[in-house]
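To keep things clear, I will list the structure first and then write my remarks on it.
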Amino acid sequence: MKQLSLAALLIFSVFIFTYKLDYEYFFTDEATYNESGMLHLKGQYAKLPEVPLLGKYIAGITGVMMGRNLFLLRLPYALMGVASVFLVYLILEKEHGHYWGLLGGMLFTQSPFLYSATRRVMLEPVLHLIWLSFHLMYLRFLETEKPKYALLSGLFIGLGMATKIPSTLLYPFSFTTLLLYQKLAGEKIFDTMKTRNLLKAYTLSVGVYVLSYAHFFSKEGVGGLIRVAHSTVDNYIILRDLKGKTHLVGSQIFTKSPWWYYLFHIREKYAPGHLILTATGLFAALTKRTFFTLYWLIFFSFILVFFQLLHVKAERYISSFELPLIFLATIGMKQMYDFGKKYLKRYTVIVLAAVVLVTVLLPRFTYLLNVKLTKYNALYFFLDKNTNHFTDGNRTIIYGSVRSGRWRFADLPNKPVITRKDFDLKTDYPEYKYIVFDRDELAKSKTNLLYDFVMINRKYYDYADVADLDVYIRKDGMMPKDVYNST
């Protein structure tokens, strides 16, 4: 029975992570990692030197193998999500038993930011799989003191470092939780054997991280490593983070993210019941301060503080502190279950199952049923239908995400669709049958000649709303020659 229920969870995970996998447009960073990864495999390292290499290599390999099939490009990452569900199950099953492991795995599939991050060619799916592998090995090291688990923990720290910079937190986190474990277990603080094994793990992690740059070093040498160091400092400390980056939060434009950035997106994505259940589980977990509870609370605190201190935040970062919240929420629900079993007796299981169903599962299934093609994917099918598969000679110009737009339309013959942002330069705008504005990009700046041209000559265009894109369609035979290039 246990094997069947676990198999059912994993099959469900495959379904939920692959269902309509290619509906979301190819996000800017996906295109960037895909392109840079394929260049890295060829020994070209000019793009994104500040980002560690492992995640980009994986994106490059999928790009080489899967070509431009968006479903297949994302499939390895969705399967990483399934593997992560299994690891969540293993960690919780070891501590609290089979059914609580199943619940934790289910919560992983239903967490909105983990769900969206797992279904993209991004660093997060790789990172979370590595982090969970680290936690599985490190918890076993603390319990058994076996050196092999310490070394495996070090291996995954190194792989995490080779994937994304937040993995540096695993060093202070592991040291802090080692001291906590020793104190709660009544062991001698800085126990020589445990400390020595942890130091060996750290040494191995550094070796793994350095090894990830072997191919880079063979192509770029010492000068390349110096360039990586400078680029990392510039992008994460000096330029991008301190000076900021233009981005939208709702309808407002910021260069530095407001302190409430994550709260805004949590409110947008979480169903009220799911949010209440998670918060209640978090507080209930703290009523029983076991090492396992404190372990995940400390990890949550490290991750939350790290991402909150960033001046430029991103919605997908929330997925990283959803990860420990899954464990804390599961622990909290077990606490509520134990309390209810003691005082409510026979109805406890029914009540808890009903709460989880109504507050978590039903809203997510409703969301899945309403998934639609987004932005440039939707635009592709709109134009394909209206241009007889891009063969009628009509052209399209897009003011939007250059990388996402170009990636989606790059393989079309004769380049009937172009994406640009440099509209301070004039061109023959009326020659384009379709003029498209990405609302998110337009909200950042409407001071461009293309937008001015369309607004001045609005009577010559029909309008279509295509998945948050404003599409203006030139009326046949309506536009006189004297409006060409006029603004």
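In the structure tokens, chains take letters A, B, ... by order of appearance, with residues numbered from 1 within each chain and ligands from 1 in the order shown.
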
Against range 265-271 of chain A, which residues of range 278-375 of chain A fall within 8 Å? For each one I want the closest pair of atoms and the distance in Å (one decimal), counting only C-alpha atoms, rows by chain and increasing residue number, as JSON lines.
```
{"residue": "A:Glu315", "atom": "CA", "partner": "A:His265", "partner_atom": "CA", "distance": 6.7}
{"residue": "A:Thr359", "atom": "CA", "partner": "A:Ala271", "partner_atom": "CA", "distance": 7.3}
{"residue": "A:Val360", "atom": "CA", "partner": "A:Ala271", "partner_atom": "CA", "distance": 7.6}
{"residue": "A:Pro363", "atom": "CA", "partner": "A:Ala271", "partner_atom": "CA", "distance": 6.6}
```

Could you pull the residues within 12 Å of Lys475 in chain A, counting only C-alpha atoms, minus those fewer than 3 positions along the same chain, as a ChimeraX atom specification? /A:430-435,457-463,472,478-480

Tell me, as JSON, numbers by chain, which residues lie within 6 Å of Ile397 in chain A, counting only C-alpha atoms; anything in the same chain fewer than 5 positions away does not count. {"A": [417, 418, 419, 435]}

Keeping only C-alpha atoms, write the selected residues as a JSON list (two decimals), in the first residue's frame.
```json
[["chain", "number", "residue", "atom", "x", "y", "z"],
["A", 417, "VAL", "CA", 8.61, 39.26, -37.19],
["A", 418, "ILE", "CA", 11.18, 41.49, -35.48],
["A", 419, "THR", "CA", 11.50, 42.53, -31.83],
["A", 435, "ILE", "CA", 2.50, 46.48, -34.41]]
```

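Put simply, CA of Lys148 in chain A is 25.9 Å away from CA of Phe302 in chain A.
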
His247 in chain A: which residues within 9 Å, counting only C-alpha atoms, same-chain residues fewer than 4 positions away excluded, as JSON, numbers by chain? {"A": [252, 253, 254, 255, 256, 257, 312, 440, 441, 444]}

Nearest-residue call for Lys421 in chain A, choices A:Leu204, A:Leu450, A:Leu70, A:Ala443, using only C-alpha atoms: A:Leu450

For Leu170 in chain A, which residue among A:Leu48, A:Leu39, A:Leu132, A:Ile473 is the nearest when counting only C-alpha atoms? A:Leu132

Could you give me, as an MDAnalysis selection string, each residue of range 260-412 of chain A that DSSP assigns to alpha helix (DSSP H) when run on this structure's backbone? chainID A and resid 261:269 272:285 291:309 318:343 348:356 362:369 375:386 402:409

Create the file for the chosen residues now, containing C-alpha atoms and written as an mmCIF file, in the first residue's frame.
```
data_model
loop_
_atom_site.group_PDB
_atom_site.id
_atom_site.type_symbol
_atom_site.label_atom_id
_atom_site.label_comp_id
_atom_site.auth_asym_id
_atom_site.auth_seq_id
_atom_site.Cartn_x
_atom_site.Cartn_y
_atom_site.Cartn_z
ATOM 1 C CA TYR A 261 8.006 42.968 -2.971
ATOM 2 C CA TYR A 262 7.670 39.303 -1.948
ATOM 3 C CA LEU A 263 4.508 39.944 0.066
ATOM 4 C CA PHE A 264 2.908 41.478 -3.020
ATOM 5 C CA HIS A 265 3.583 38.423 -5.169
ATOM 6 C CA ILE A 266 2.597 35.995 -2.397
ATOM 7 C CA ARG A 267 -0.747 37.769 -2.125
ATOM 8 C CA GLU A 268 -1.127 37.560 -5.910
ATOM 9 C CA LYS A 269 -0.317 33.844 -6.268
ATOM 10 C CA PRO A 272 -6.307 32.634 0.781
ATOM 11 C CA GLY A 273 -6.896 29.206 2.304
ATOM 12 C CA HIS A 274 -3.487 27.942 1.202
ATOM 13 C CA LEU A 275 -1.827 31.015 2.698
ATOM 14 C CA ILE A 276 -3.680 30.618 5.995
ATOM 15 C CA LEU A 277 -2.869 26.906 6.134
ATOM 16 C CA THR A 278 0.838 27.577 5.507
ATOM 17 C CA ALA A 279 0.987 30.345 8.124
ATOM 18 C CA THR A 280 -0.944 28.241 10.640
ATOM 19 C CA GLY A 281 1.325 25.277 9.996
ATOM 20 C CA LEU A 282 4.390 27.465 10.500
ATOM 21 C CA PHE A 283 3.212 28.702 13.890
ATOM 22 C CA ALA A 284 1.986 25.270 14.965
ATOM 23 C CA ALA A 285 5.394 23.796 14.120
ATOM 24 C CA PHE A 291 15.780 19.794 16.269
ATOM 25 C CA PHE A 292 14.024 18.912 13.005
ATOM 26 C CA THR A 293 11.692 21.907 13.382
ATOM 27 C CA LEU A 294 14.473 24.302 14.335
ATOM 28 C CA TYR A 295 16.607 22.978 11.482
ATOM 29 C CA TRP A 296 14.061 24.066 8.873
ATOM 30 C CA LEU A 297 13.261 27.289 10.702
ATOM 31 C CA ILE A 298 16.954 28.245 10.601
ATOM 32 C CA PHE A 299 17.191 27.375 6.907
ATOM 33 C CA PHE A 300 14.058 29.410 6.184
ATOM 34 C CA SER A 301 15.524 32.365 8.105
ATOM 35 C CA PHE A 302 18.849 32.222 6.235
ATOM 36 C CA ILE A 303 17.147 32.089 2.840
ATOM 37 C CA LEU A 304 14.572 34.766 3.649
ATOM 38 C CA VAL A 305 17.140 37.237 4.988
ATOM 39 C CA PHE A 306 19.462 36.664 2.022
ATOM 40 C CA PHE A 307 16.808 37.327 -0.608
ATOM 41 C CA GLN A 308 15.185 40.150 1.363
ATOM 42 C CA LEU A 309 18.504 42.031 1.505
ATOM 43 C CA ILE A 318 10.123 33.086 -3.465
ATOM 44 C CA SER A 319 10.351 29.447 -4.547
ATOM 45 C CA SER A 320 13.592 29.090 -2.584
ATOM 46 C CA PHE A 321 12.036 29.992 0.742
ATOM 47 C CA GLU A 322 8.897 28.033 -0.104
ATOM 48 C CA LEU A 323 11.155 24.990 0.129
ATOM 49 C CA PRO A 324 11.702 25.062 3.939
ATOM 50 C CA LEU A 325 8.117 26.286 4.402
ATOM 51 C CA ILE A 326 6.891 22.948 3.005
ATOM 52 C CA PHE A 327 8.631 21.117 5.824
ATOM 53 C CA LEU A 328 7.492 23.579 8.480
ATOM 54 C CA ALA A 329 3.896 23.505 7.245
ATOM 55 C CA THR A 330 3.915 19.675 7.232
ATOM 56 C CA ILE A 331 5.331 19.583 10.755
ATOM 57 C CA GLY A 332 2.682 22.093 11.821
ATOM 58 C CA MET A 333 -0.123 20.037 10.321
ATOM 59 C CA LYS A 334 1.167 16.996 12.159
ATOM 60 C CA GLN A 335 1.081 19.004 15.367
ATOM 61 C CA MET A 336 -2.524 19.983 14.656
ATOM 62 C CA TYR A 337 -3.346 16.389 13.785
ATOM 63 C CA ASP A 338 -1.834 15.072 17.035
ATOM 64 C CA PHE A 339 -3.760 17.698 18.984
ATOM 65 C CA GLY A 340 -6.983 16.922 17.142
ATOM 66 C CA LYS A 341 -6.530 13.173 17.511
ATOM 67 C CA LYS A 342 -6.244 13.637 21.235
ATOM 68 C CA TYR A 343 -9.304 15.848 21.627
ATOM 69 C CA THR A 348 -9.496 14.349 12.958
ATOM 70 C CA VAL A 349 -8.330 12.653 9.768
ATOM 71 C CA ILE A 350 -11.502 13.596 7.901
ATOM 72 C CA VAL A 351 -11.292 17.235 8.991
ATOM 73 C CA LEU A 352 -7.589 17.560 8.155
ATOM 74 C CA ALA A 353 -8.043 15.912 4.741
ATOM 75 C CA ALA A 354 -10.998 18.189 3.966
ATOM 76 C CA VAL A 355 -9.025 21.294 4.958
ATOM 77 C CA VAL A 356 -6.089 20.335 2.745
ATOM 78 C CA LEU A 362 -8.964 22.670 -5.390
ATOM 79 C CA PRO A 363 -7.550 26.180 -6.070
ATOM 80 C CA ARG A 364 -4.517 24.690 -7.828
ATOM 81 C CA PHE A 365 -6.650 22.411 -9.997
ATOM 82 C CA THR A 366 -8.808 25.412 -10.878
ATOM 83 C CA TYR A 367 -5.654 27.242 -11.892
ATOM 84 C CA LEU A 368 -4.519 24.310 -14.042
ATOM 85 C CA LEU A 369 -7.836 24.113 -15.843
ATOM 86 C CA LYS A 375 2.484 36.402 -24.434
ATOM 87 C CA TYR A 376 4.774 35.436 -27.312
ATOM 88 C CA ASN A 377 3.435 31.891 -27.553
ATOM 89 C CA ALA A 378 -0.095 33.230 -27.870
ATOM 90 C CA LEU A 379 1.112 35.887 -30.324
ATOM 91 C CA TYR A 380 2.762 33.218 -32.458
ATOM 92 C CA PHE A 381 -0.513 31.329 -32.937
ATOM 93 C CA PHE A 382 -2.445 34.569 -33.461
ATOM 94 C CA LEU A 383 -0.092 35.660 -36.229
ATOM 95 C CA ASP A 384 0.153 32.161 -37.676
ATOM 96 C CA LYS A 385 -3.617 32.094 -38.109
ATOM 97 C CA ASN A 386 -3.887 35.612 -39.531
ATOM 98 C CA VAL A 402 13.959 41.174 -27.153
ATOM 99 C CA ARG A 403 15.290 37.765 -26.099
ATOM 100 C CA SER A 404 11.882 36.104 -25.663
ATOM 101 C CA GLY A 405 10.434 37.635 -28.815
ATOM 102 C CA ARG A 406 13.403 36.834 -31.003
ATOM 103 C CA TRP A 407 13.663 33.283 -29.678
ATOM 104 C CA ARG A 408 10.008 32.557 -30.451
ATOM 105 C CA PHE A 409 10.126 33.850 -34.035
#
```

Do you know which residues are at most 8 Å from range 19-21 of chain A counting only C-alpha atoms, after dropping those on the same chain fewer than 4 positions away, and could you put them as a list of chain:residue names?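 Close residues of range 19-21 of chain A: A:Phe15, A:Leu70, A:Phe71, A:Arg74, A:Leu75, A:Arg119, A:Val371.
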
How many Å lie between CA of Ile398 in chain A and CA of Tyr429 in chain A, rounded to one decimal?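 Between these atoms lies a distance of 11.1 Å.
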
Which one of A:Ala464, A:Leu469, A:Leu4, A:Leu9 sits closest to Ser401 in chain A if you count only C-alpha atoms?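 Selected residue with least distance to Ser401 in chain A: A:Leu469.
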
I'd like the neighbourhood of Gly105 in chain A as number ranges by chain, where a residue qualifies if any of its atoms comes within 7 Å (using only C-alpha atoms), though same-chain residues fewer than 6 positions away should be ignored. A: 85-86, 88-89

What parts of range 78-272 of chain A does DSSP call strand (DSSP E or B)? I'd like the answer as a list in words.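 Result set for range 78-272 of chain A (strand (DSSP E or B)): His247, Leu248, Val249, Gln252, Ile253 and Phe254 of chain A.
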
Go through A:Gly400, A:Gly223, A:Gly186, A:Gly97 one by one, measure the shortest atom-to-atom distance of each to Phe27 in chain A using only C-alpha atoms, and give the residue with the smallest value. A:Gly400

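Of the listed residues A:Val64, A:Ala78, A:Leu41, A:Leu286, the one whose atoms come nearest to Arg120 in chain A is A:Ala78, with distances taken using only C-alpha atoms.
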
List the spatial neighbours of Gly393 in chain A as an MDAnalysis selection string - criterion: any atom at most 8 Å away, only C-alpha atoms, same-chain residues fewer than 3 positions off excluded. chainID A and resid 387 390 416

Any chance you could export the current selection's C-alpha atoms as an mmCIF file, in the first residue's frame?
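Writing done, so here's result_7.cif:
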```cif
data_model
loop_
_atom_site.group_PDB
_atom_site.id
_atom_site.type_symbol
_atom_site.label_atom_id
_atom_site.label_comp_id
_atom_site.auth_asym_id
_atom_site.auth_seq_id
_atom_site.Cartn_x
_atom_site.Cartn_y
_atom_site.Cartn_z
ATOM 1 C CA THR A 387 -0.938 35.460 -41.925
ATOM 2 C CA PHE A 390 3.515 33.621 -42.090
ATOM 3 C CA PRO A 416 8.576 38.396 -40.921
#
```

Could you jot down the CA of Tyr209 in chain A to CA of Ser174 in chain A separation for me, Å, one decimal place?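 That distance, rounded to one decimal, is 17.3 Å.
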
Between A:Thr427, A:Ser13, A:Asn34, A:Ser133, which has the minimum distance to Ile91 in chain A (counting only C-alpha atoms)?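 Under the stated criterion, the closest residue is A:Ser133.
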